[in-house]
Structures are given as C-alpha cells and as structure tokens.
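*Asks:* Got a structure for you, work_27.cif, holding mmCIF, C-alpha atoms and all ligand atoms.
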data_run
loop_
_atom_site.label_atom_id
_atom_site.label_comp_id
_atom_site.auth_asym_id
_atom_site.auth_seq_id
_atom_site.Cartn_x
_atom_site.Cartn_y
_atom_site.Cartn_z
CA MET A 1 -11.45 -12.35 0.04
CA LEU A 2 -10.64 -8.98 -1.48
CA LEU A 3 -7.46 -7.06 -0.61
CA VAL A 4 -7.35 -3.40 -1.60
CA LYS A 5 -4.17 -1.32 -1.46
CA LEU A 6 -4.81 2.40 -1.64
CA GLY A 7 -1.49 3.72 -2.93
CA GLY A 8 0.10 6.67 -1.16
CA SER A 9 0.14 8.59 -4.43
CA VAL A 10 -3.68 8.46 -4.73
CA ILE A 11 -4.60 9.43 -1.19
CA THR A 12 -1.79 11.97 -0.64
CA VAL A 13 0.20 14.48 -2.69
CA LYS A 14 3.45 12.55 -2.63
CA SER A 15 5.81 15.53 -2.95
CA LYS A 16 4.24 17.74 -0.23
CA TYR A 17 4.80 16.75 3.41
CA ARG A 18 1.58 15.48 5.01
CA THR A 19 -0.76 16.62 2.25
CA LEU A 20 -3.99 14.65 1.89
CA ARG A 21 -5.99 14.25 -1.29
CA GLY A 22 -9.15 14.50 0.78
CA PRO A 23 -11.82 14.49 -1.94
CA ASP A 24 -10.20 11.53 -3.74
CA LEU A 25 -9.95 9.60 -0.48
CA SER A 26 -13.63 10.25 0.32
CA ARG A 27 -14.71 9.19 -3.16
CA LEU A 28 -12.62 6.00 -3.05
CA ALA A 29 -14.13 5.13 0.33
CA ARG A 30 -17.62 5.55 -1.14
CA GLU A 31 -16.71 3.44 -4.19
CA LEU A 32 -15.37 0.72 -1.95
CA ALA A 33 -18.49 0.80 0.22
CA ALA A 34 -20.68 0.51 -2.85
CA GLY A 35 -19.08 -2.70 -4.05
CA ALA A 36 -17.09 -4.50 -1.37
CA GLY A 37 -18.37 -7.55 0.48
CA PRO A 38 -17.72 -8.47 4.13
CA ASP A 39 -14.49 -10.36 3.42
CA THR A 40 -12.35 -7.32 2.63
CA VAL A 41 -9.09 -5.89 4.00
CA VAL A 42 -7.86 -2.40 3.16
CA VAL A 43 -4.18 -1.46 3.27
CA HIS A 44 -2.98 2.02 2.46
CA GLY A 45 0.40 3.50 1.61
CA ALA A 46 2.12 6.26 3.53
CA GLY A 47 2.61 8.75 0.70
CA SER A 48 3.86 12.12 1.92
CA TYR A 49 3.06 11.15 5.54
CA GLY A 50 5.89 8.60 5.42
CA HIS A 51 8.27 8.72 2.50
CA ILE A 52 9.59 12.27 2.82
CA LEU A 53 10.89 12.04 6.41
CA ALA A 54 11.83 8.38 6.08
CA ALA A 55 13.99 9.18 3.05
CA LYS A 56 15.54 12.25 4.68
CA HIS A 57 16.66 10.19 7.70
CA ARG A 58 17.35 6.99 5.73
CA LEU A 59 15.08 4.98 8.02
CA GLY A 60 14.82 2.13 5.50
CA GLU A 61 18.45 1.19 6.12
CA GLY A 62 18.12 0.91 9.91
CA TYR A 63 19.95 2.66 12.71
CA ASP A 64 23.12 4.64 12.22
CA ASN A 65 22.65 7.84 14.22
CA PRO A 66 20.60 9.04 17.19
CA ALA A 67 18.81 11.77 15.21
CA GLN A 68 16.97 9.01 13.36
CA LEU A 69 15.09 8.01 16.51
CA GLY A 70 13.17 11.28 16.57
CA ALA A 71 12.25 10.66 12.95
CA VAL A 72 11.09 7.10 13.77
CA ALA A 73 8.70 8.54 16.36
CA GLN A 74 7.55 11.32 14.04
CA VAL A 75 6.94 9.05 11.02
CA GLN A 76 5.09 6.52 13.14
CA ARG A 77 2.88 9.32 14.44
CA ASP A 78 2.38 10.77 10.94
CA VAL A 79 1.30 7.49 9.31
CA ARG A 80 -1.20 7.03 12.13
CA ALA A 81 -2.55 10.52 11.47
CA LEU A 82 -3.04 9.51 7.84
CA ASP A 83 -4.65 6.25 8.94
CA LEU A 84 -7.17 8.20 11.03
CA LYS A 85 -8.11 10.17 7.90
CA VAL A 86 -8.62 6.90 6.03
CA LEU A 87 -10.71 5.48 8.89
CA ASP A 88 -12.80 8.68 8.94
CA ALA A 89 -13.46 8.46 5.19
CA LEU A 90 -14.44 4.77 5.45
CA LEU A 91 -16.72 5.52 8.42
CA ARG A 92 -18.42 8.33 6.51
CA ALA A 93 -19.04 5.76 3.75
CA ARG A 94 -20.75 3.58 6.40
CA LEU A 95 -18.11 0.88 6.54
CA ARG A 96 -16.77 -0.48 9.86
CA PRO A 97 -13.01 0.09 9.68
CA VAL A 98 -10.63 -0.87 12.49
CA ALA A 99 -6.89 -0.14 12.44
CA VAL A 100 -4.21 -2.83 12.50
CA PRO A 101 -0.90 -0.91 12.78
CA PRO A 102 2.04 -2.96 11.44
CA SER A 103 4.22 -1.55 14.24
CA LEU A 104 2.17 -3.75 16.59
CA VAL A 105 1.88 -6.92 14.52
CA MET A 106 5.14 -7.08 12.54
CA ARG A 107 8.75 -7.42 13.60
CA TYR A 108 11.78 -7.47 11.34
CA HIS A 109 15.24 -8.98 11.76
CA ASP A 110 18.06 -7.44 9.74
CA GLY A 111 15.71 -5.89 7.21
CA ARG A 112 13.59 -9.00 6.72
CA LEU A 113 10.19 -9.84 8.11
CA ALA A 114 10.54 -12.15 11.13
CA VAL A 115 7.12 -12.00 12.85
CA PHE A 116 3.67 -11.32 11.44
CA ASP A 117 0.72 -11.70 13.79
CA VAL A 118 -2.34 -12.33 11.66
CA GLY A 119 -4.56 -12.66 14.79
CA PRO A 120 -6.06 -9.15 14.79
CA PHE A 121 -6.92 -9.42 11.07
CA ARG A 122 -8.71 -12.73 11.64
CA ASP A 123 -10.46 -11.51 14.80
CA TYR A 124 -11.83 -8.40 13.13
CA LEU A 125 -12.91 -10.24 9.97
CA MET A 126 -14.78 -12.81 12.09
CA ARG A 127 -16.69 -9.95 13.71
CA GLU A 128 -17.57 -8.41 10.34
CA LEU A 129 -15.29 -5.47 10.87
CA LEU A 130 -13.01 -4.10 8.14
CA PRO A 131 -9.29 -4.36 9.01
CA VAL A 132 -7.27 -1.39 7.80
CA SER A 133 -3.48 -1.58 7.79
CA PHE A 134 -0.79 0.66 6.29
CA GLY A 135 2.88 1.29 5.52
CA ASP A 136 4.64 1.88 8.85
CA VAL A 137 7.92 2.03 10.78
CA VAL A 138 8.37 -1.29 12.57
CA MET A 139 10.93 -2.63 15.02
CA ASP A 140 13.93 -4.63 13.78
CA THR A 141 15.78 -6.86 16.23
CA LYS A 142 19.15 -6.14 14.58
CA ARG A 143 18.81 -2.75 12.87
CA ARG A 144 16.55 -1.26 15.59
CA PHE A 145 13.88 -0.27 13.08
CA ALA A 146 12.77 -0.92 9.51
CA ILE A 147 10.14 0.26 7.06
CA ALA A 148 7.28 -2.09 6.26
CA SER A 149 5.41 -0.98 3.16
CA GLY A 150 1.72 -1.55 2.68
CA ASP A 151 2.72 -4.01 -0.04
CA ASP A 152 4.70 -6.05 2.50
CA VAL A 153 1.52 -6.30 4.57
CA ILE A 154 -0.47 -7.33 1.47
CA LEU A 155 2.10 -10.03 0.65
CA GLU A 156 1.77 -11.61 4.11
CA LEU A 157 -2.03 -11.43 3.99
CA ALA A 158 -2.03 -12.95 0.49
CA LYS A 159 0.15 -15.87 1.65
CA LEU A 160 -2.16 -16.56 4.60
CA PHE A 161 -5.59 -15.90 3.08
CA ARG A 162 -5.03 -16.70 -0.63
CA PRO A 163 -7.45 -13.95 -1.73
CA GLU A 164 -9.60 -14.05 -4.84
CA ARG A 165 -8.64 -10.53 -5.84
CA VAL A 166 -6.03 -7.97 -4.98
CA LEU A 167 -6.53 -4.42 -6.27
CA PHE A 168 -3.67 -1.93 -6.27
CA VAL A 169 -5.20 1.51 -6.56
CA ALA A 170 -2.70 3.87 -8.22
CA ASP A 171 -2.68 7.38 -9.70
CA VAL A 172 -2.18 6.07 -13.25
CA ASP A 173 -4.07 3.53 -15.38
CA GLY A 174 -1.57 0.76 -14.72
CA VAL A 175 1.97 -0.09 -15.80
CA PHE A 176 3.25 1.60 -18.94
CA THR A 177 6.26 0.89 -21.14
CA ALA A 178 7.70 4.23 -19.90
CA ASP A 179 6.64 6.98 -17.47
CA PRO A 180 3.25 8.10 -18.89
CA LYS A 181 3.54 11.48 -17.17
CA ARG A 182 6.62 12.31 -19.24
CA HIS A 183 6.45 10.17 -22.40
CA LYS A 184 3.44 10.53 -24.67
CA GLU A 185 4.27 7.35 -26.58
CA ALA A 186 4.18 5.23 -23.39
CA LYS A 187 1.81 2.28 -23.81
CA LEU A 188 -0.34 0.67 -21.13
CA LEU A 189 0.60 -2.97 -20.55
CA GLU A 190 -2.37 -5.31 -20.30
CA ALA A 191 -0.44 -7.73 -18.10
CA ILE A 192 2.94 -7.98 -16.46
CA GLY A 193 4.74 -10.98 -15.07
CA PRO A 194 8.23 -11.79 -13.83
CA GLY A 195 9.70 -11.58 -17.34
CA ALA A 196 7.98 -8.38 -18.44
CA LEU A 197 9.80 -6.23 -15.91
CA ASP A 198 12.81 -6.09 -18.23
CA SER A 199 10.84 -4.32 -20.97
CA ILE A 200 9.89 -1.36 -18.79
CA ALA A 201 11.96 1.83 -18.76
CA PHE A 202 12.12 2.72 -15.08
CA ALA A 203 12.99 6.24 -14.00
CA THR A 204 16.57 6.23 -12.73
CA GLU A 205 16.68 9.57 -10.93
CA ALA A 206 16.66 9.54 -7.13
CA THR A 207 13.10 9.44 -5.85
CA GLN A 208 11.72 9.88 -2.36
CA ASP A 209 10.36 6.38 -2.32
CA VAL A 210 11.95 4.42 0.51
CA THR A 211 10.22 1.17 -0.37
CA GLY A 212 11.95 0.39 -3.64
CA GLY A 213 10.31 2.67 -6.20
CA LEU A 214 8.15 1.31 -9.00
CA ARG A 215 10.47 -1.57 -9.84
CA GLY A 216 10.58 -2.77 -6.23
CA LYS A 217 6.82 -2.45 -5.96
CA LEU A 218 6.25 -4.44 -9.16
CA LEU A 219 8.56 -7.21 -8.00
CA ARG A 220 6.54 -7.47 -4.82
CA MET A 221 3.26 -7.46 -6.76
CA VAL A 222 4.50 -10.36 -8.89
CA GLU A 223 5.29 -12.20 -5.65
CA ILE A 224 1.80 -11.39 -4.34
CA ALA A 225 0.26 -12.67 -7.58
CA LYS A 226 1.62 -16.15 -6.78
CA HIS A 227 -0.83 -16.31 -3.88
CA ALA A 228 -3.95 -14.70 -5.37
CA ARG A 229 -6.22 -15.54 -8.28
CA ASP A 230 -6.56 -12.08 -9.76
CA VAL A 231 -4.21 -9.15 -9.13
CA ARG A 232 -4.73 -5.80 -10.85
CA ILE A 233 -3.39 -2.28 -10.84
CA ILE A 234 -6.13 0.26 -11.51
CA ASN A 235 -6.45 4.04 -11.62
CA GLY A 236 -8.07 5.43 -8.50
CA LEU A 237 -8.20 8.95 -9.90
CA ALA A 238 -10.59 7.80 -12.66
CA ARG A 239 -14.05 8.09 -11.15
CA GLY A 240 -15.94 4.80 -10.78
CA ARG A 241 -13.03 2.46 -11.59
CA LEU A 242 -12.52 1.16 -8.07
CA GLU A 243 -16.24 0.54 -7.63
CA ALA A 244 -16.43 -1.36 -10.93
CA ALA A 245 -13.28 -3.37 -10.16
CA VAL A 246 -14.53 -4.24 -6.68
CA ARG A 247 -17.76 -5.54 -8.22
CA GLY A 248 -15.66 -7.74 -10.48
CA ASP A 249 -16.15 -5.81 -13.74
CA ASP A 250 -13.37 -5.68 -16.28
CA VAL A 251 -11.86 -2.19 -16.06
CA PRO A 252 -8.82 -0.68 -17.79
CA GLY A 253 -5.64 -1.51 -15.89
CA THR A 254 -2.71 -3.91 -15.75
CA ARG A 255 -3.07 -7.48 -14.59
CA VAL A 256 -0.18 -8.90 -12.57
CA VAL A 257 0.74 -12.54 -13.06
CA GLY A 258 2.94 -14.47 -10.69
C1 LIG B 1 5.67 3.25 2.99
O1 LIG B 1 4.57 2.45 2.65
C2 LIG B 1 5.86 3.27 4.51
C3 LIG B 1 6.67 4.41 5.02
C4 LIG B 1 7.41 5.19 4.30
C5 LIG B 1 6.65 4.63 6.46
P1 LIG B 1 4.15 2.23 1.13
O2 LIG B 1 5.36 1.92 0.30
O3 LIG B 1 3.07 1.20 1.11
O4 LIG B 1 3.55 3.65 0.72
P2 LIG B 1 3.21 4.26 -0.73
O5 LIG B 1 2.01 3.56 -1.26
O6 LIG B 1 4.45 4.05 -1.61
O7 LIG B 1 2.99 5.70 -0.43
#
Would you write the structure of this file as structure tokens?
Ligand code: IPE

*Replies:*
Amino acid sequence: MLLVKLGGSVITVKSKYRTLRGPDLSRLARELAAGAGPDTVVVHGAGSYGHILAAKHRLGEGYDNPAQLGAVAQVQRDVRALDLKVLDALLRARLRPVAVPPSLVMRYHDGRLAVFDVGPFRDYLMRELLPVSFGDVVMDTKRRFAIASGDDVILELAKLFRPERVLFVADVDGVFTADPKRHKEAKLLEAIGPGALDSIAFATEATQDVTGGLRGKLLRMVEIAKHARDVRIINGLARGRLEAAVRGDDVPGTRVVG
C-alpha cells in the first residue's frame, strides 16, 4: 500500500484564507495518476481552508465559548470545499477518488483519538476506488470538538495497513537544519529519526498551525515510520518528484525513520 499526504502548504496558500494552489494541485493529481497503483490512499491537509479560522477560534483546545461553534461549522464546511477541489483534480486525472471525512469516522475523547472506523477505507479499496481523507474538525466526547490533522489519519491508517511507502508531499525539499526560506546555510537532512529532532532549529514565533507546527508534525511522522517500511518527505512544488517517488525512484528528500 501507498499512503500519500498532500500537505496543506502545497495545495493551498497557507497565509491567505481559502486560497487554492490550483495548478499545483492539478499537476500533483496527474503525477499521482501516472504512477500510483490500485492500493493507494490519499490524505490532504487543510492549509488555509482550516488553520486560519481554527487558530483564530482556538478550536484545537476544545470548547470554551459559544462563538466557537459557528467556527466549527464553518471550518468543517471549508475543509470539505477544499476536499471537493482535490476530488475534482483527481477525477480530471482519471482516478476514482471517494471522500472519507474524518468527522464521520473519527471521534476524540479529551483531545485524544478514541474511535477510528477503518470500514469505509477498506470498503472503497476493495472496490478499486481511491479513498481520500483530510484534516478536519471532529467531535470530542469531553471537549465537544477537536482537530484531527491529516497526519493523525495517516498514523491510524499506517497502524492498520502497515503500508510499504508513505509520502509526505511538502513545499520544500525535505527537513533542513534551519528554515530554508530564511537561512541560506540551511542543509537538507537525508534522514531524520527520533534523536535527530534535537538538531533542528525550529521557528519559535507564533504560527497559524493548529496541529503542532513542524516539530509536532515531525514527531508524528517518526511515529508513523514505526509502522511503514519507507517514509519520505518530498517537494511537491518540484515538477515530476511525486511521480518519480510514487514509482519508487530515489528522489531528493528526507527519509523518516521510526
Ligand atoms: C489541519 O490538518 C486540520 C484543520 C486545521 C481543520 P493538517 O494539519 O493535516 O493540515 P496541513 O497539512 O498542516 O495544512
């Protein structure tokens, strides 16, 4: 099995509310279609369709005021709008995508995953359809609601399916020793594991990422790597990389070891 996470920063402009990177999304869908086999699941991030409003209303921390409920409804609607764009792009590339919204298959309790219904994923895969899931607002039996990131979905799928490969499609080549957008001397790391996280200079300023920022995401990837043979972060903005990686070629990027 192949799990592909299309990061919110590749398919959306993360700083502008509900702004799609349409041409990149279409190209990535075509690259995926060119290389992926039948045993594939796609998960995408929320990008600016999720993080901006979720951060503004602190949805990741659960309920503390009634105004948040309007934001829960709005964010859930927005991430579905983004998902429709992803489905459209995959359909245009002649794949057979079907949505599996986490709000319908996941439940949290006090900020932790309590229920994950893998049934729809299995059912669709058996019928040679391509399950597509995403970062979403889900219900929490104690905090009323919680945020499930696309990476949380990937982790559960990895535990259950033990995939051969997991590809995290990002807007940079991989993990660097410092932020490559601001530090010229930043070096690309060939591999990262649990220990290597200490050698990375993470940005400390407040970001709009409600799912833990880069450090949180890397910790989850290391966890995912315990359940998959080959886990890689690759650059989805570099033309042809996803297609090559999906085919199993060695492309520039960072390997994640569990
Ligand atoms: C975030 O999902 C979900 C919401 C904010 C609703 P992700 O954490 O997977 O999204 P990206 O990839 O960072 O955009």

*Asks:* To one decimal in Å, tell me the separation between CA of Val86 (chain A) and CA of Ser26 (chain A).

*Replies:*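 Value for the CA of Val86 (chain A)-CA of Ser26 (chain A) distance: 8.3 Å.
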
*Asks:* Go through A:Ala89, A:Met106, A:Ile154, A:Ala146 one by one, measure the shortest atom-to-atom distance of each to Val75 (chain A) using only C-alpha atoms, and give the residue with the smallest value.

*Replies:*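 Closest to Val75 (chain A) of all the choices is A:Ala146.
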
*Asks:* Using only C-alpha atoms and a cutoff of 9 Å, can you tell me which residues are near (-6.7, -11.4, -13.0) in the file's coordinates, and write them out as a PyMOL selection string?

*Replies:* chain A and resi 165-166+191+225+228-232+254-257

*Asks:* Can you write out as CSV which residues of chain A fall within 6 Å of ligand LIG 1 (chain B), alongside each residue's closest atom pair and its distance in Å to one decimal, counting all atoms listed in the file and ordering rows by chain and ascending residue number?

*Replies:*
residue,atom,partner,partner_atom,distance
A:Gly7,CA,B:LIG1,O5,3.9
A:Gly8,CA,B:LIG1,O7,3.1
A:Ser9,CA,B:LIG1,O7,5.7
A:Gly45,CA,B:LIG1,O4,3.3
A:Ala46,CA,B:LIG1,O7,4.1
A:Gly47,CA,B:LIG1,O7,3.3
A:Gly50,CA,B:LIG1,C4,3.9
A:His51,CA,B:LIG1,C4,4.1
A:Ala54,CA,B:LIG1,C4,5.7
A:Gly135,CA,B:LIG1,O1,3.5
A:Asp136,CA,B:LIG1,C5,4.2
A:Val137,CA,B:LIG1,C5,5.2
A:Ile147,CA,B:LIG1,C5,5.6
A:Ala148,CA,B:LIG1,C2,5.8
A:Ser149,CA,B:LIG1,O1,3.6
A:Gly150,CA,B:LIG1,O3,3.4
A:Asp151,CA,B:LIG1,O3,5.3
A:Val210,CA,B:LIG1,C4,6.0
A:Thr211,CA,B:LIG1,O2,5.0

*Asks:* Produce the centre coordinates and the three edge lengths, each in Å to one decimal, of the box along x, y and z that contains all listed atoms of region 235-253 of chain A with 5 Å added on each side, as JSON.

*Replies:*
{"center_x": -11.7, "center_y": 0.6, "center_z": -12.2, "size_x": 22.1, "size_y": 26.7, "size_z": 21.1}

*Asks:* May I ask for the distance between CA of Val172 (chain A) and CA of Arg239 (chain A), given in Å to one decimal place?

*Replies:*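 Pair CA of Val172 (chain A) / CA of Arg239 (chain A) returns 12.2 Å.
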
*Asks:* Compile the contact shell of region 19-22 of chain A as an MDAnalysis selection string: residues with an atom at most 9 Å away, counting all atoms listed in the file, same-chain residues fewer than 3 positions apart removed.

*Replies:* chainID A and resid 9:16 25:27 47:49 82 85 89

*Asks:* May I have the residues within 9 Å of Phe161 (chain A) as a PyMOL selection string, using only C-alpha atoms and disregarding those fewer than 3 positions away in the same chain?

*Replies:* chain A and resi 1+156-158+227-228

*Asks:* Quick check, in Å to one decimal: how far apart do CA of Leu2 (chain A) and CA of Asp249 (chain A) lie?

*Replies:*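 Straight-line distance from CA of Leu2 (chain A) to CA of Asp249 (chain A) works out to 13.8 Å.
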
*Asks:* Give as a PyMOL selection string every residue, naming chains and numbers as the document does, that has an atom within 7 Å of (3.6, -1.0, -24.8), counting only C-alpha atoms.

*Replies:* chain A and resi 176-177+186-189

*Asks:* Would you mind telling me which residue in A:Leu90, A:Ala170, A:Val246, A:Ala81 lies nearest to Lys217 (chain A) when using all atoms listed in the file?

*Replies:* A:Ala170

*Asks:* Could you give me, as a PDB file with C-alpha atoms, in the coordinates of the input, the residues within 6 Å of Met139 (chain A), counting only C-alpha atoms and dropping anything in the same chain fewer than 5 positions from it?

*Replies:*
ATOM      1  CA  ARG A 107       8.750  -7.420  13.600  1.00  0.00           C
ATOM      2  CA  ARG A 144      16.550  -1.260  15.590  1.00  0.00           C
ATOM      3  CA  PHE A 145      13.880  -0.270  13.080  1.00  0.00           C
TER       4      PHE A 145
END

*Asks:* Of the candidates A:Gly37, A:Gly193, A:Gly70, A:Pro180, which one gets nearest to Leu53 (chain A) if we count only C-alpha atoms?

*Replies:*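 With only C-alpha atoms as the atom set, the closest residue is A:Gly70.
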
*Asks:* Quick one: of A:Leu113, A:Val105, A:Ala99, A:Val72, who's nearest to Leu155 (chain A), counting all atoms listed in the file?

*Replies:*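 Answer, going by the shortest atom-to-atom distance: A:Leu113.
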
*Asks:* Go through A:Arg215, A:Arg247, A:Pro131, A:Val4 one by one, measure the shortest atom-to-atom distance of each to Val118 (chain A) using only C-alpha atoms, and give the residue with the smallest value.

*Replies:*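 Of A:Arg215, A:Arg247, A:Pro131, A:Val4, the one nearest Val118 (chain A) is A:Pro131, counting only C-alpha atoms.
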
*Asks:* For a quick check of understanding, using only C-alpha atoms, which of A:Ala33, A:Val138, A:Leu129, A:Leu6 has the smallest distance to Asp171 (chain A)?

*Replies:* A:Leu6

*Asks:* Write out as a PyMOL selection string each polymer residue whose atoms come within 7 Å of Pro101 (chain A), counting all atoms listed in the file; drop sequence neighbours fewer than 3 positions from it.

*Replies:* chain A and resi 104-105+133-134

*Asks:* Mind writing region 117-128 of chain A to a file for me, with N, CA, C and O atoms, as a PDB file, in the first residue's frame?

*Replies:*
ATOM      1  N   ASP A 117     -12.985   4.462  12.558  1.00  0.00           N
ATOM      2  CA  ASP A 117     -13.674   3.430  11.786  1.00  0.00           C
ATOM      3  C   ASP A 117     -12.977   3.263  10.441  1.00  0.00           C
ATOM      4  O   ASP A 117     -13.111   4.105   9.543  1.00  0.00           O
ATOM      5  N   VAL A 118     -12.247   2.172  10.312  1.00  0.00           N
ATOM      6  CA  VAL A 118     -11.473   1.948   9.088  1.00  0.00           C
ATOM      7  C   VAL A 118     -12.363   1.363   7.972  1.00  0.00           C
ATOM      8  O   VAL A 118     -11.954   1.287   6.811  1.00  0.00           O
ATOM      9  N   GLY A 119     -13.611   0.989   8.321  1.00  0.00           N
ATOM     10  CA  GLY A 119     -14.512   0.318   7.379  1.00  0.00           C
ATOM     11  C   GLY A 119     -14.605   0.976   6.008  1.00  0.00           C
ATOM     12  O   GLY A 119     -14.369   0.318   4.992  1.00  0.00           O
ATOM     13  N   PRO A 120     -14.945   2.274   5.942  1.00  0.00           N
ATOM     14  CA  PRO A 120     -15.068   2.908   4.627  1.00  0.00           C
ATOM     15  C   PRO A 120     -13.773   2.832   3.799  1.00  0.00           C
ATOM     16  O   PRO A 120     -13.821   2.637   2.582  1.00  0.00           O
ATOM     17  N   PHE A 121     -12.624   2.950   4.452  1.00  0.00           N
ATOM     18  CA  PHE A 121     -11.355   2.860   3.709  1.00  0.00           C
ATOM     19  C   PHE A 121     -11.241   1.471   3.082  1.00  0.00           C
ATOM     20  O   PHE A 121     -10.933   1.326   1.898  1.00  0.00           O
ATOM     21  N   ARG A 122     -11.480   0.446   3.897  1.00  0.00           N
ATOM     22  CA  ARG A 122     -11.397  -0.939   3.398  1.00  0.00           C
ATOM     23  C   ARG A 122     -12.401  -1.190   2.273  1.00  0.00           C
ATOM     24  O   ARG A 122     -12.079  -1.768   1.248  1.00  0.00           O
ATOM     25  N   ASP A 123     -13.656  -0.752   2.511  1.00  0.00           N
ATOM     26  CA  ASP A 123     -14.713  -0.984   1.520  1.00  0.00           C
ATOM     27  C   ASP A 123     -14.361  -0.367   0.170  1.00  0.00           C
ATOM     28  O   ASP A 123     -14.542  -0.983  -0.874  1.00  0.00           O
ATOM     29  N   TYR A 124     -13.881   0.863   0.203  1.00  0.00           N
ATOM     30  CA  TYR A 124     -13.558   1.533  -1.068  1.00  0.00           C
ATOM     31  C   TYR A 124     -12.357   0.870  -1.747  1.00  0.00           C
ATOM     32  O   TYR A 124     -12.357   0.662  -2.958  1.00  0.00           O
ATOM     33  N   LEU A 125     -11.333   0.524  -0.942  1.00  0.00           N
ATOM     34  CA  LEU A 125     -10.140  -0.105  -1.533  1.00  0.00           C
ATOM     35  C   LEU A 125     -10.520  -1.428  -2.208  1.00  0.00           C
ATOM     36  O   LEU A 125     -10.049  -1.721  -3.310  1.00  0.00           O
ATOM     37  N   MET A 126     -11.397  -2.205  -1.548  1.00  0.00           N
ATOM     38  CA  MET A 126     -11.831  -3.486  -2.113  1.00  0.00           C
ATOM     39  C   MET A 126     -12.513  -3.313  -3.463  1.00  0.00           C
ATOM     40  O   MET A 126     -12.494  -4.196  -4.299  1.00  0.00           O
ATOM     41  N   ARG A 127     -13.153  -2.145  -3.629  1.00  0.00           N
ATOM     42  CA  ARG A 127     -13.883  -1.884  -4.881  1.00  0.00           C
ATOM     43  C   ARG A 127     -13.047  -1.084  -5.872  1.00  0.00           C
ATOM     44  O   ARG A 127     -13.560  -0.488  -6.806  1.00  0.00           O
ATOM     45  N   GLU A 128     -11.749  -1.054  -5.627  1.00  0.00           N
ATOM     46  CA  GLU A 128     -10.804  -0.348  -6.510  1.00  0.00           C
ATOM     47  C   GLU A 128     -11.121   1.130  -6.661  1.00  0.00           C
ATOM     48  O   GLU A 128     -10.989   1.709  -7.738  1.00  0.00           O
TER      49      GLU A 128
END
